[in-house]
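Structure file data.txt with compact mmCIF, N, CA and C atoms:
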```txt
# COMPACT_ATOMS: atom_id res chain seq x y z
N MET A 174 65.81 33.03 15.77
CA MET A 174 65.01 32.50 14.67
C MET A 174 64.72 31.02 14.88
N ALA A 175 65.59 30.34 15.61
CA ALA A 175 65.36 28.92 15.86
C ALA A 175 64.04 28.69 16.59
N LEU A 176 63.71 29.54 17.55
CA LEU A 176 62.45 29.39 18.27
C LEU A 176 61.25 29.68 17.36
N ALA A 177 61.38 30.65 16.50
CA ALA A 177 60.30 30.96 15.56
C ALA A 177 60.09 29.79 14.60
N LEU A 178 61.16 29.16 14.17
CA LEU A 178 61.05 27.99 13.30
C LEU A 178 60.38 26.83 14.03
N GLU A 179 60.67 26.67 15.32
CA GLU A 179 59.99 25.64 16.12
C GLU A 179 58.49 25.91 16.14
N GLU A 180 58.12 27.17 16.33
CA GLU A 180 56.70 27.53 16.35
C GLU A 180 56.05 27.29 14.99
N ALA A 181 56.78 27.55 13.92
CA ALA A 181 56.25 27.31 12.57
C ALA A 181 56.00 25.82 12.35
N ARG A 182 56.94 24.99 12.78
CA ARG A 182 56.76 23.54 12.65
C ARG A 182 55.56 23.07 13.45
N ALA A 183 55.41 23.59 14.66
CA ALA A 183 54.26 23.21 15.50
C ALA A 183 52.95 23.66 14.85
N ALA A 184 52.95 24.84 14.24
CA ALA A 184 51.75 25.32 13.56
C ALA A 184 51.39 24.38 12.41
N ALA A 185 52.37 23.96 11.64
CA ALA A 185 52.12 23.04 10.52
C ALA A 185 51.54 21.74 11.03
N ALA A 186 52.06 21.24 12.14
CA ALA A 186 51.56 19.99 12.71
C ALA A 186 50.09 20.11 13.14
N ARG A 187 49.66 21.32 13.44
CA ARG A 187 48.26 21.58 13.83
C ARG A 187 47.38 21.88 12.61
N GLY A 188 47.98 21.88 11.41
CA GLY A 188 47.22 22.19 10.21
C GLY A 188 47.16 23.67 9.88
N GLU A 189 47.97 24.46 10.57
CA GLU A 189 48.04 25.90 10.32
C GLU A 189 49.15 26.19 9.33
N VAL A 190 49.04 27.29 8.62
CA VAL A 190 50.14 27.73 7.76
C VAL A 190 51.37 27.90 8.66
N PRO A 191 52.50 27.29 8.29
CA PRO A 191 53.67 27.27 9.18
C PRO A 191 54.42 28.59 9.27
N VAL A 192 53.89 29.46 10.09
CA VAL A 192 54.56 30.72 10.40
C VAL A 192 54.69 30.79 11.90
N GLY A 193 55.89 31.11 12.36
CA GLY A 193 56.15 31.24 13.78
C GLY A 193 56.78 32.59 14.07
N ALA A 194 56.54 33.08 15.28
CA ALA A 194 57.07 34.39 15.68
C ALA A 194 57.51 34.34 17.14
N VAL A 195 58.53 35.13 17.43
CA VAL A 195 59.06 35.27 18.78
C VAL A 195 59.36 36.75 19.00
N VAL A 196 59.08 37.24 20.19
CA VAL A 196 59.47 38.60 20.56
C VAL A 196 60.52 38.47 21.64
N THR A 197 61.65 39.15 21.44
CA THR A 197 62.72 39.15 22.44
C THR A 197 62.92 40.56 22.97
N ASP A 198 63.51 40.63 24.17
CA ASP A 198 63.82 41.94 24.75
C ASP A 198 65.18 42.40 24.25
N ALA A 199 65.67 43.51 24.78
CA ALA A 199 66.94 44.10 24.32
C ALA A 199 68.12 43.15 24.51
N ALA A 200 68.03 42.28 25.50
CA ALA A 200 69.12 41.33 25.78
C ALA A 200 68.99 40.05 24.94
N GLY A 201 67.91 39.94 24.16
CA GLY A 201 67.71 38.75 23.37
C GLY A 201 66.94 37.65 24.08
N THR A 202 66.41 37.95 25.26
CA THR A 202 65.63 36.98 26.02
C THR A 202 64.21 36.91 25.45
N PRO A 203 63.73 35.71 25.15
CA PRO A 203 62.37 35.59 24.62
C PRO A 203 61.32 36.05 25.64
N LEU A 204 60.41 36.90 25.17
CA LEU A 204 59.29 37.36 25.98
C LEU A 204 58.03 36.58 25.64
N SER A 205 57.90 36.18 24.38
CA SER A 205 56.73 35.44 23.93
C SER A 205 57.07 34.72 22.64
N ARG A 206 56.24 33.73 22.34
CA ARG A 206 56.38 32.99 21.09
C ARG A 206 55.02 32.47 20.69
N ALA A 207 54.80 32.36 19.39
CA ALA A 207 53.50 31.90 18.90
C ALA A 207 53.63 31.39 17.47
N GLY A 208 52.71 30.53 17.12
CA GLY A 208 52.55 30.10 15.74
C GLY A 208 51.17 30.54 15.28
N ASN A 209 50.95 30.49 13.99
CA ASN A 209 49.64 30.85 13.46
C ASN A 209 48.55 30.04 14.15
N GLU A 210 47.42 30.69 14.42
CA GLU A 210 46.25 30.02 15.00
C GLU A 210 44.98 30.44 14.28
N VAL A 211 45.11 30.77 13.02
CA VAL A 211 43.98 31.24 12.22
C VAL A 211 42.87 30.19 12.16
N GLU A 212 43.23 28.96 11.88
CA GLU A 212 42.23 27.89 11.76
C GLU A 212 41.65 27.53 13.12
N ALA A 213 42.48 27.36 14.12
CA ALA A 213 42.01 26.96 15.44
C ALA A 213 41.06 27.98 16.05
N ARG A 214 41.37 29.25 15.86
CA ARG A 214 40.54 30.32 16.43
C ARG A 214 39.43 30.77 15.50
N ARG A 215 39.53 30.30 14.25
CA ARG A 215 38.61 30.78 13.20
C ARG A 215 38.64 32.31 13.16
N ASP A 216 39.86 32.80 13.14
CA ASP A 216 40.11 34.25 13.22
C ASP A 216 41.22 34.60 12.23
N PRO A 217 40.89 35.29 11.14
CA PRO A 217 41.91 35.61 10.14
C PRO A 217 43.00 36.54 10.64
N SER A 218 42.82 37.15 11.80
CA SER A 218 43.86 38.02 12.35
C SER A 218 44.77 37.30 13.33
N ALA A 219 44.57 36.01 13.55
CA ALA A 219 45.36 35.26 14.52
C ALA A 219 46.69 34.80 13.91
N HIS A 220 47.41 35.75 13.33
CA HIS A 220 48.74 35.48 12.78
C HIS A 220 49.74 35.38 13.93
N ALA A 221 50.79 34.63 13.71
CA ALA A 221 51.81 34.41 14.74
C ALA A 221 52.34 35.73 15.29
N GLU A 222 52.58 36.70 14.41
CA GLU A 222 53.15 37.98 14.84
C GLU A 222 52.22 38.71 15.82
N ILE A 223 50.94 38.78 15.47
CA ILE A 223 49.96 39.48 16.30
C ILE A 223 49.90 38.81 17.68
N LEU A 224 49.82 37.48 17.69
CA LEU A 224 49.72 36.75 18.95
C LEU A 224 50.96 36.96 19.81
N ALA A 225 52.14 36.91 19.19
CA ALA A 225 53.39 37.09 19.95
C ALA A 225 53.53 38.51 20.46
N LEU A 226 53.18 39.50 19.64
CA LEU A 226 53.27 40.90 20.08
C LEU A 226 52.33 41.17 21.25
N ARG A 227 51.10 40.69 21.15
CA ARG A 227 50.14 40.88 22.24
C ARG A 227 50.62 40.22 23.53
N ALA A 228 51.14 39.01 23.41
CA ALA A 228 51.60 38.29 24.59
C ALA A 228 52.80 38.99 25.24
N ALA A 229 53.72 39.48 24.44
CA ALA A 229 54.89 40.18 24.99
C ALA A 229 54.48 41.45 25.71
N ALA A 230 53.58 42.22 25.09
CA ALA A 230 53.11 43.45 25.73
C ALA A 230 52.37 43.13 27.02
N GLY A 231 51.56 42.09 26.99
CA GLY A 231 50.84 41.68 28.20
C GLY A 231 51.78 41.25 29.30
N ARG A 232 52.82 40.52 28.93
CA ARG A 232 53.80 40.06 29.92
C ARG A 232 54.50 41.24 30.58
N LEU A 233 54.82 42.25 29.78
CA LEU A 233 55.53 43.43 30.30
C LEU A 233 54.58 44.45 30.93
N GLY A 234 53.30 44.32 30.65
CA GLY A 234 52.32 45.25 31.19
C GLY A 234 52.38 46.63 30.57
N ARG A 235 52.74 46.66 29.30
CA ARG A 235 52.77 47.94 28.59
C ARG A 235 52.43 47.74 27.12
N LYS A 236 52.05 48.81 26.46
CA LYS A 236 51.61 48.69 25.07
C LYS A 236 52.75 48.76 24.06
N TRP A 237 53.86 49.34 24.40
CA TRP A 237 54.96 49.47 23.45
C TRP A 237 56.10 48.53 23.80
N LEU A 238 56.74 48.06 22.75
CA LEU A 238 57.87 47.13 22.89
C LEU A 238 59.12 47.77 22.27
N ALA A 239 59.44 48.96 22.73
CA ALA A 239 60.47 49.79 22.12
C ALA A 239 61.85 49.14 22.08
N ASP A 240 62.14 48.23 23.00
CA ASP A 240 63.43 47.54 23.00
C ASP A 240 63.34 46.16 22.37
N GLY A 241 62.16 45.81 21.88
CA GLY A 241 61.92 44.45 21.42
C GLY A 241 62.28 44.20 19.98
N THR A 242 62.52 42.94 19.71
CA THR A 242 62.74 42.46 18.35
C THR A 242 61.68 41.41 18.05
N LEU A 243 61.02 41.56 16.91
CA LEU A 243 60.07 40.58 16.42
C LEU A 243 60.79 39.69 15.42
N TRP A 244 60.88 38.42 15.75
CA TRP A 244 61.48 37.42 14.87
C TRP A 244 60.34 36.63 14.25
N VAL A 245 60.28 36.53 12.94
CA VAL A 245 59.19 35.82 12.28
C VAL A 245 59.72 35.07 11.07
N THR A 246 59.16 33.91 10.80
CA THR A 246 59.70 33.05 9.75
C THR A 246 59.33 33.50 8.34
N LEU A 247 58.33 34.37 8.22
CA LEU A 247 57.90 34.85 6.92
C LEU A 247 57.76 36.37 6.97
N GLU A 248 58.12 37.02 5.90
CA GLU A 248 57.94 38.48 5.82
C GLU A 248 56.52 38.84 6.27
N PRO A 249 56.39 39.72 7.24
CA PRO A 249 55.05 40.07 7.73
C PRO A 249 54.15 40.64 6.64
N CYS A 250 52.88 40.26 6.71
CA CYS A 250 51.88 40.81 5.82
C CYS A 250 51.63 42.27 6.22
N PRO A 251 50.88 43.02 5.44
CA PRO A 251 50.63 44.42 5.81
C PRO A 251 50.00 44.58 7.21
N MET A 252 49.08 43.68 7.58
CA MET A 252 48.45 43.77 8.91
C MET A 252 49.50 43.60 10.02
N CYS A 253 50.35 42.62 9.86
CA CYS A 253 51.35 42.34 10.90
C CYS A 253 52.47 43.39 10.91
N ALA A 254 52.81 43.91 9.74
CA ALA A 254 53.80 44.99 9.69
C ALA A 254 53.26 46.21 10.40
N GLN A 255 51.99 46.53 10.17
CA GLN A 255 51.39 47.68 10.85
C GLN A 255 51.34 47.44 12.35
N ALA A 256 51.04 46.21 12.76
CA ALA A 256 51.03 45.89 14.20
C ALA A 256 52.42 46.09 14.80
N ALA A 257 53.46 45.65 14.10
CA ALA A 257 54.82 45.85 14.60
C ALA A 257 55.11 47.33 14.76
N SER A 258 54.63 48.13 13.83
CA SER A 258 54.80 49.57 13.93
C SER A 258 54.04 50.13 15.12
N LEU A 259 52.80 49.69 15.30
CA LEU A 259 51.99 50.19 16.41
C LEU A 259 52.54 49.78 17.77
N PHE A 260 53.13 48.59 17.86
CA PHE A 260 53.76 48.15 19.10
C PHE A 260 55.14 48.80 19.28
N ARG A 261 55.58 49.48 18.23
CA ARG A 261 56.85 50.20 18.22
C ARG A 261 58.07 49.32 18.53
N VAL A 262 58.10 48.15 17.92
CA VAL A 262 59.27 47.29 18.11
C VAL A 262 60.50 47.96 17.51
N ARG A 263 61.62 47.66 18.07
CA ARG A 263 62.88 48.25 17.61
C ARG A 263 63.31 47.64 16.28
N ARG A 264 63.07 46.33 16.15
CA ARG A 264 63.58 45.64 14.97
C ARG A 264 62.63 44.50 14.58
N VAL A 265 62.53 44.25 13.28
CA VAL A 265 61.81 43.10 12.74
C VAL A 265 62.81 42.27 11.95
N VAL A 266 62.93 41.01 12.31
CA VAL A 266 63.82 40.07 11.62
C VAL A 266 62.94 38.97 11.05
N PHE A 267 63.03 38.74 9.74
CA PHE A 267 62.20 37.69 9.15
C PHE A 267 63.02 36.76 8.28
N GLY A 268 62.43 35.58 8.05
CA GLY A 268 63.09 34.55 7.26
C GLY A 268 62.80 34.65 5.79
N ALA A 269 61.75 33.99 5.34
CA ALA A 269 61.41 33.94 3.91
C ALA A 269 60.74 35.24 3.46
N TYR A 270 61.09 35.65 2.26
CA TYR A 270 60.43 36.81 1.64
C TYR A 270 59.08 36.35 1.10
N ASP A 271 58.13 37.27 1.04
CA ASP A 271 56.79 36.95 0.55
C ASP A 271 56.38 37.95 -0.54
N PRO A 272 56.80 37.69 -1.79
CA PRO A 272 56.48 38.63 -2.87
C PRO A 272 54.98 38.84 -3.08
N LYS A 273 54.16 37.83 -2.77
CA LYS A 273 52.72 37.94 -3.00
C LYS A 273 52.00 38.64 -1.84
N GLY A 274 52.31 38.29 -0.61
CA GLY A 274 51.54 38.79 0.53
C GLY A 274 52.32 39.62 1.52
N GLY A 275 53.59 39.84 1.27
CA GLY A 275 54.41 40.59 2.21
C GLY A 275 54.04 42.06 2.27
N GLY A 276 54.34 42.68 3.40
CA GLY A 276 54.02 44.08 3.57
C GLY A 276 55.21 44.92 4.01
N VAL A 277 56.40 44.32 3.97
CA VAL A 277 57.61 45.02 4.40
C VAL A 277 58.49 45.34 3.20
N GLU A 278 58.99 44.32 2.54
CA GLU A 278 59.84 44.49 1.36
C GLU A 278 59.02 44.43 0.07
N HIS A 279 57.80 43.94 0.17
CA HIS A 279 56.92 43.78 -0.99
C HIS A 279 55.59 44.45 -0.70
N GLY A 280 54.72 44.49 -1.71
CA GLY A 280 53.36 44.96 -1.52
C GLY A 280 53.28 46.36 -0.93
N ALA A 281 52.58 46.48 0.18
CA ALA A 281 52.30 47.79 0.80
C ALA A 281 53.53 48.50 1.32
N ARG A 282 54.59 47.78 1.62
CA ARG A 282 55.82 48.38 2.18
C ARG A 282 55.45 49.37 3.29
N VAL A 283 54.79 48.82 4.29
CA VAL A 283 54.20 49.60 5.38
C VAL A 283 55.19 50.56 6.03
N PHE A 284 56.40 50.12 6.28
CA PHE A 284 57.35 50.96 7.01
C PHE A 284 57.86 52.13 6.18
N ALA A 285 57.71 52.05 4.87
CA ALA A 285 58.13 53.15 3.99
C ALA A 285 57.00 54.13 3.69
N ALA A 286 55.80 53.81 4.11
CA ALA A 286 54.64 54.66 3.82
C ALA A 286 54.69 55.94 4.65
N PRO A 287 54.27 57.06 4.09
CA PRO A 287 54.26 58.32 4.84
C PRO A 287 53.35 58.27 6.07
N SER A 288 52.37 57.39 6.06
CA SER A 288 51.44 57.27 7.19
C SER A 288 52.00 56.43 8.34
N CYS A 289 53.17 55.83 8.15
CA CYS A 289 53.77 54.98 9.19
C CYS A 289 54.38 55.86 10.28
N HIS A 290 53.92 55.68 11.49
CA HIS A 290 54.40 56.49 12.61
C HIS A 290 55.71 55.99 13.19
N HIS A 291 55.99 54.71 13.05
CA HIS A 291 57.24 54.14 13.58
C HIS A 291 57.73 53.07 12.61
N ALA A 292 58.92 53.23 12.12
CA ALA A 292 59.52 52.27 11.20
C ALA A 292 60.69 51.58 11.90
N PRO A 293 60.53 50.30 12.23
CA PRO A 293 61.62 49.58 12.88
C PRO A 293 62.75 49.25 11.89
N GLU A 294 63.87 48.92 12.45
CA GLU A 294 64.96 48.35 11.64
C GLU A 294 64.44 47.03 11.10
N VAL A 295 64.81 46.68 9.86
CA VAL A 295 64.35 45.43 9.24
C VAL A 295 65.55 44.63 8.75
N VAL A 296 65.54 43.34 9.07
CA VAL A 296 66.54 42.41 8.57
C VAL A 296 65.77 41.25 7.96
N GLY A 297 65.92 41.03 6.67
CA GLY A 297 65.22 39.95 6.00
C GLY A 297 66.15 38.86 5.53
N GLY A 298 65.59 37.68 5.28
CA GLY A 298 66.34 36.57 4.72
C GLY A 298 67.11 35.73 5.73
N VAL A 299 66.80 35.85 7.02
CA VAL A 299 67.49 35.07 8.05
C VAL A 299 66.93 33.65 8.04
N ARG A 300 67.78 32.69 7.73
CA ARG A 300 67.38 31.28 7.60
C ARG A 300 66.24 31.14 6.58
N GLU A 301 66.37 31.92 5.54
CA GLU A 301 65.35 31.99 4.49
C GLU A 301 65.06 30.63 3.85
N THR A 302 66.08 29.87 3.55
CA THR A 302 65.90 28.57 2.89
C THR A 302 65.07 27.64 3.76
N GLU A 303 65.39 27.59 5.04
CA GLU A 303 64.67 26.71 5.96
C GLU A 303 63.21 27.16 6.13
N ALA A 304 63.02 28.45 6.34
CA ALA A 304 61.68 28.98 6.53
C ALA A 304 60.83 28.80 5.27
N GLY A 305 61.39 29.10 4.14
CA GLY A 305 60.68 28.92 2.88
C GLY A 305 60.38 27.47 2.59
N GLY A 306 61.30 26.58 2.95
CA GLY A 306 61.09 25.15 2.76
C GLY A 306 59.90 24.62 3.54
N LEU A 307 59.71 25.12 4.75
CA LEU A 307 58.55 24.72 5.55
C LEU A 307 57.25 25.10 4.84
N LEU A 308 57.21 26.29 4.31
CA LEU A 308 56.01 26.76 3.61
C LEU A 308 55.77 25.98 2.33
N ARG A 309 56.82 25.77 1.54
CA ARG A 309 56.67 25.02 0.29
C ARG A 309 56.17 23.61 0.56
N ALA A 310 56.74 22.94 1.56
CA ALA A 310 56.33 21.57 1.89
C ALA A 310 54.88 21.54 2.36
N PHE A 311 54.49 22.49 3.16
CA PHE A 311 53.13 22.57 3.67
C PHE A 311 52.13 22.68 2.53
N PHE A 312 52.38 23.61 1.63
CA PHE A 312 51.43 23.83 0.54
C PHE A 312 51.50 22.72 -0.51
N ALA A 313 52.65 22.10 -0.70
CA ALA A 313 52.76 20.97 -1.66
C ALA A 313 51.89 19.81 -1.21
N GLU A 314 51.77 19.58 0.09
CA GLU A 314 50.93 18.49 0.60
C GLU A 314 49.45 18.77 0.37
N ARG A 315 49.09 20.02 0.21
CA ARG A 315 47.68 20.37 0.08
C ARG A 315 47.24 20.57 -1.37
N ARG A 316 48.16 20.48 -2.29
CA ARG A 316 47.81 20.68 -3.71
C ARG A 316 47.66 19.36 -4.41
```

What would you get if you wrote out this structure as structure tokens?
Amino acid sequence: MALALEEARAAAARGEVPVGAVVTDAAGTPLSRAGNEVEARRDPSAHAEILALRAAAGRLGRKWLADGTLWVTLEPCPMCAQAASLFRVRRVVFGAYDPKGGGVEHGARVFAAPSCHHAPEVVGGVRETEAGGLLRAFFAERR
């Protein structure tokens, strides 16, 4: 989670919503890392999770990340939760909960839906205070 938090801080410094993601292999070795790039790419799908999942799959040369863990500083939105399912990650670990936009523990609850083909193990609230603090500070500066 420390690497994901680094990515979130870097995203904030670039003017992006501070969300960072890392994909690790079964041994815990980082395969990829990314921060949000929605503003830079002018692409609403350029969430940290999507970028990190794509990069990890590209690095491994395969479409599924069955032994992988997605570490992300904020509860994935429905789009990113579905991507984690499609990449078939083994586990999703996230920091801050997102009651408004989350898609794992809140909102769509993608992994619990009957249409979900693969539901990874989920661990939420890891370094939640720190991850949530980054988001609160970011948005407080803009209000």

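If you look at atom CA of Gly305 of chain A and atom C of Gly268 of chain A, they are 6.8 Å away from each other.
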
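Taking atom CA of Ala304 of chain A and atom CA of Ala286 of chain A as the two end points, the separation is 26.8 Å.
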
- line: As a check of understanding: the span from atom CA of Gly275 of chain A to atom N of Gly234 of chain A is 28.7 Å

message: Using all atoms listed in the file, which protein or nucleic acid residues come within 8 Å of Gly297 of chain A? Drop anything in the same chain fewer than 3 positions from it, and give the result as an MDAnalysis selection string.
response: chainID A and resid 248 265:270 294 300:301

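If all atoms listed in the file are the atoms counted, then among A:Arg215, A:Cys253, A:Glu210, A:Thr197 the closest residue to Gly241 of chain A is A:Thr197.
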
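Residues in contact with segment 257-260 of chain A at 8 Å, where all atoms listed in the file are counted and same-chain residues fewer than 3 positions away are skipped, are listed as Glu222, Ile223, Leu226, Lys236, Trp237, Leu238, Ala239, Asp240, Leu243, Pro251, Met252, Cys253, Ala254, Arg263, Arg264, Val265, Val283, Phe284, Cys289, His290, His291, Ala292 and Pro293 of chain A.
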
What would the file look like if the residues just selected were written as a compact mmCIF listing (two decimals), in the coordinates of the input with N, CA and C atoms?
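Output file again34.txt follows:
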```
# COMPACT_ATOMS: atom_id res chain seq x y z
N GLU A 222 52.58 36.70 14.41
CA GLU A 222 53.15 37.98 14.84
C GLU A 222 52.22 38.71 15.82
N ILE A 223 50.94 38.78 15.47
CA ILE A 223 49.96 39.48 16.30
C ILE A 223 49.90 38.81 17.68
N LEU A 226 53.18 39.50 19.64
CA LEU A 226 53.27 40.90 20.08
C LEU A 226 52.33 41.17 21.25
N LYS A 236 52.05 48.81 26.46
CA LYS A 236 51.61 48.69 25.07
C LYS A 236 52.75 48.76 24.06
N TRP A 237 53.86 49.34 24.40
CA TRP A 237 54.96 49.47 23.45
C TRP A 237 56.10 48.53 23.80
N LEU A 238 56.74 48.06 22.75
CA LEU A 238 57.87 47.13 22.89
C LEU A 238 59.12 47.77 22.27
N ALA A 239 59.44 48.96 22.73
CA ALA A 239 60.47 49.79 22.12
C ALA A 239 61.85 49.14 22.08
N ASP A 240 62.14 48.23 23.00
CA ASP A 240 63.43 47.54 23.00
C ASP A 240 63.34 46.16 22.37
N LEU A 243 61.02 41.56 16.91
CA LEU A 243 60.07 40.58 16.42
C LEU A 243 60.79 39.69 15.42
N PRO A 251 50.88 43.02 5.44
CA PRO A 251 50.63 44.42 5.81
C PRO A 251 50.00 44.58 7.21
N MET A 252 49.08 43.68 7.58
CA MET A 252 48.45 43.77 8.91
C MET A 252 49.50 43.60 10.02
N CYS A 253 50.35 42.62 9.86
CA CYS A 253 51.35 42.34 10.90
C CYS A 253 52.47 43.39 10.91
N ALA A 254 52.81 43.91 9.74
CA ALA A 254 53.80 44.99 9.69
C ALA A 254 53.26 46.21 10.40
N ARG A 263 61.62 47.66 18.07
CA ARG A 263 62.88 48.25 17.61
C ARG A 263 63.31 47.64 16.28
N ARG A 264 63.07 46.33 16.15
CA ARG A 264 63.58 45.64 14.97
C ARG A 264 62.63 44.50 14.58
N VAL A 265 62.53 44.25 13.28
CA VAL A 265 61.81 43.10 12.74
C VAL A 265 62.81 42.27 11.95
N VAL A 283 54.79 48.82 4.29
CA VAL A 283 54.20 49.60 5.38
C VAL A 283 55.19 50.56 6.03
N PHE A 284 56.40 50.12 6.28
CA PHE A 284 57.35 50.96 7.01
C PHE A 284 57.86 52.13 6.18
N CYS A 289 53.17 55.83 8.15
CA CYS A 289 53.77 54.98 9.19
C CYS A 289 54.38 55.86 10.28
N HIS A 290 53.92 55.68 11.49
CA HIS A 290 54.40 56.49 12.61
C HIS A 290 55.71 55.99 13.19
N HIS A 291 55.99 54.71 13.05
CA HIS A 291 57.24 54.14 13.58
C HIS A 291 57.73 53.07 12.61
N ALA A 292 58.92 53.23 12.12
CA ALA A 292 59.52 52.27 11.20
C ALA A 292 60.69 51.58 11.90
N PRO A 293 60.53 50.30 12.23
CA PRO A 293 61.62 49.58 12.88
C PRO A 293 62.75 49.25 11.89
```

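Inside segment 198-300 of chain A, the residues DSSP reads as strand (DSSP E) when given the backbone are Pro203, Leu204, Ser205, Arg206, Ala207, Gly208, Thr242, Leu243, Trp244, Val245, Thr246, Leu247, Arg264, Val265, Val266, Phe267, Gly268, Ala269, Glu294, Val295 and Val296 of chain A.
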
- prompt: Could you pull out the helix (DSSP H, G or I) residues of chain A from DSSP and send them as a PyMOL selection string?
  reply: chain A and resi 175-186+211-214+221-233+251-259+283-285+301-315

message: Between A:Gly280, A:Ser218, A:Gly208, A:Ala310, which residue has the minimum interatomic distance to Ala183 of chain A, considering only N, CA and C atoms?
response: A:Gly208

- prompt: Hey, what's within 6.5 Å of Leu308 of chain A if we count all atoms listed in the file and toss same-chain stuff fewer than 5 positions away? As number ranges by chain, please?
  reply: A: 191, 303, 313

message: So that I can check the surroundings of Val195 of chain A, please list as a count of residues only every protein, DNA and RNA residue that reaches within 12 Å of it, counting only C-alpha atoms and ignoring chain neighbours fewer than 6 positions away.
response: 38

Centre and edges of the segment 291-295 of chain A box, axis-aligned, 4 Å extra per side, as lines of an AutoDock Vina configuration file:
```
center_x = 60.8
center_y = 49.7
center_z = 11.2
size_x = 17.6
size_y = 18.1
size_z = 12.8
```

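Restricting the calculation to only C-alpha atoms, the smallest distance between Val277 of chain A and any of A:Ala200, A:Gly298, A:Pro249, A:Ala184 is found for A:Pro249.
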
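Among A:Arg214, A:Arg182, A:Arg235, A:Arg316, the residue with the shortest atom-to-atom distance to Arg261 of chain A, counting only C-alpha atoms, is A:Arg235.
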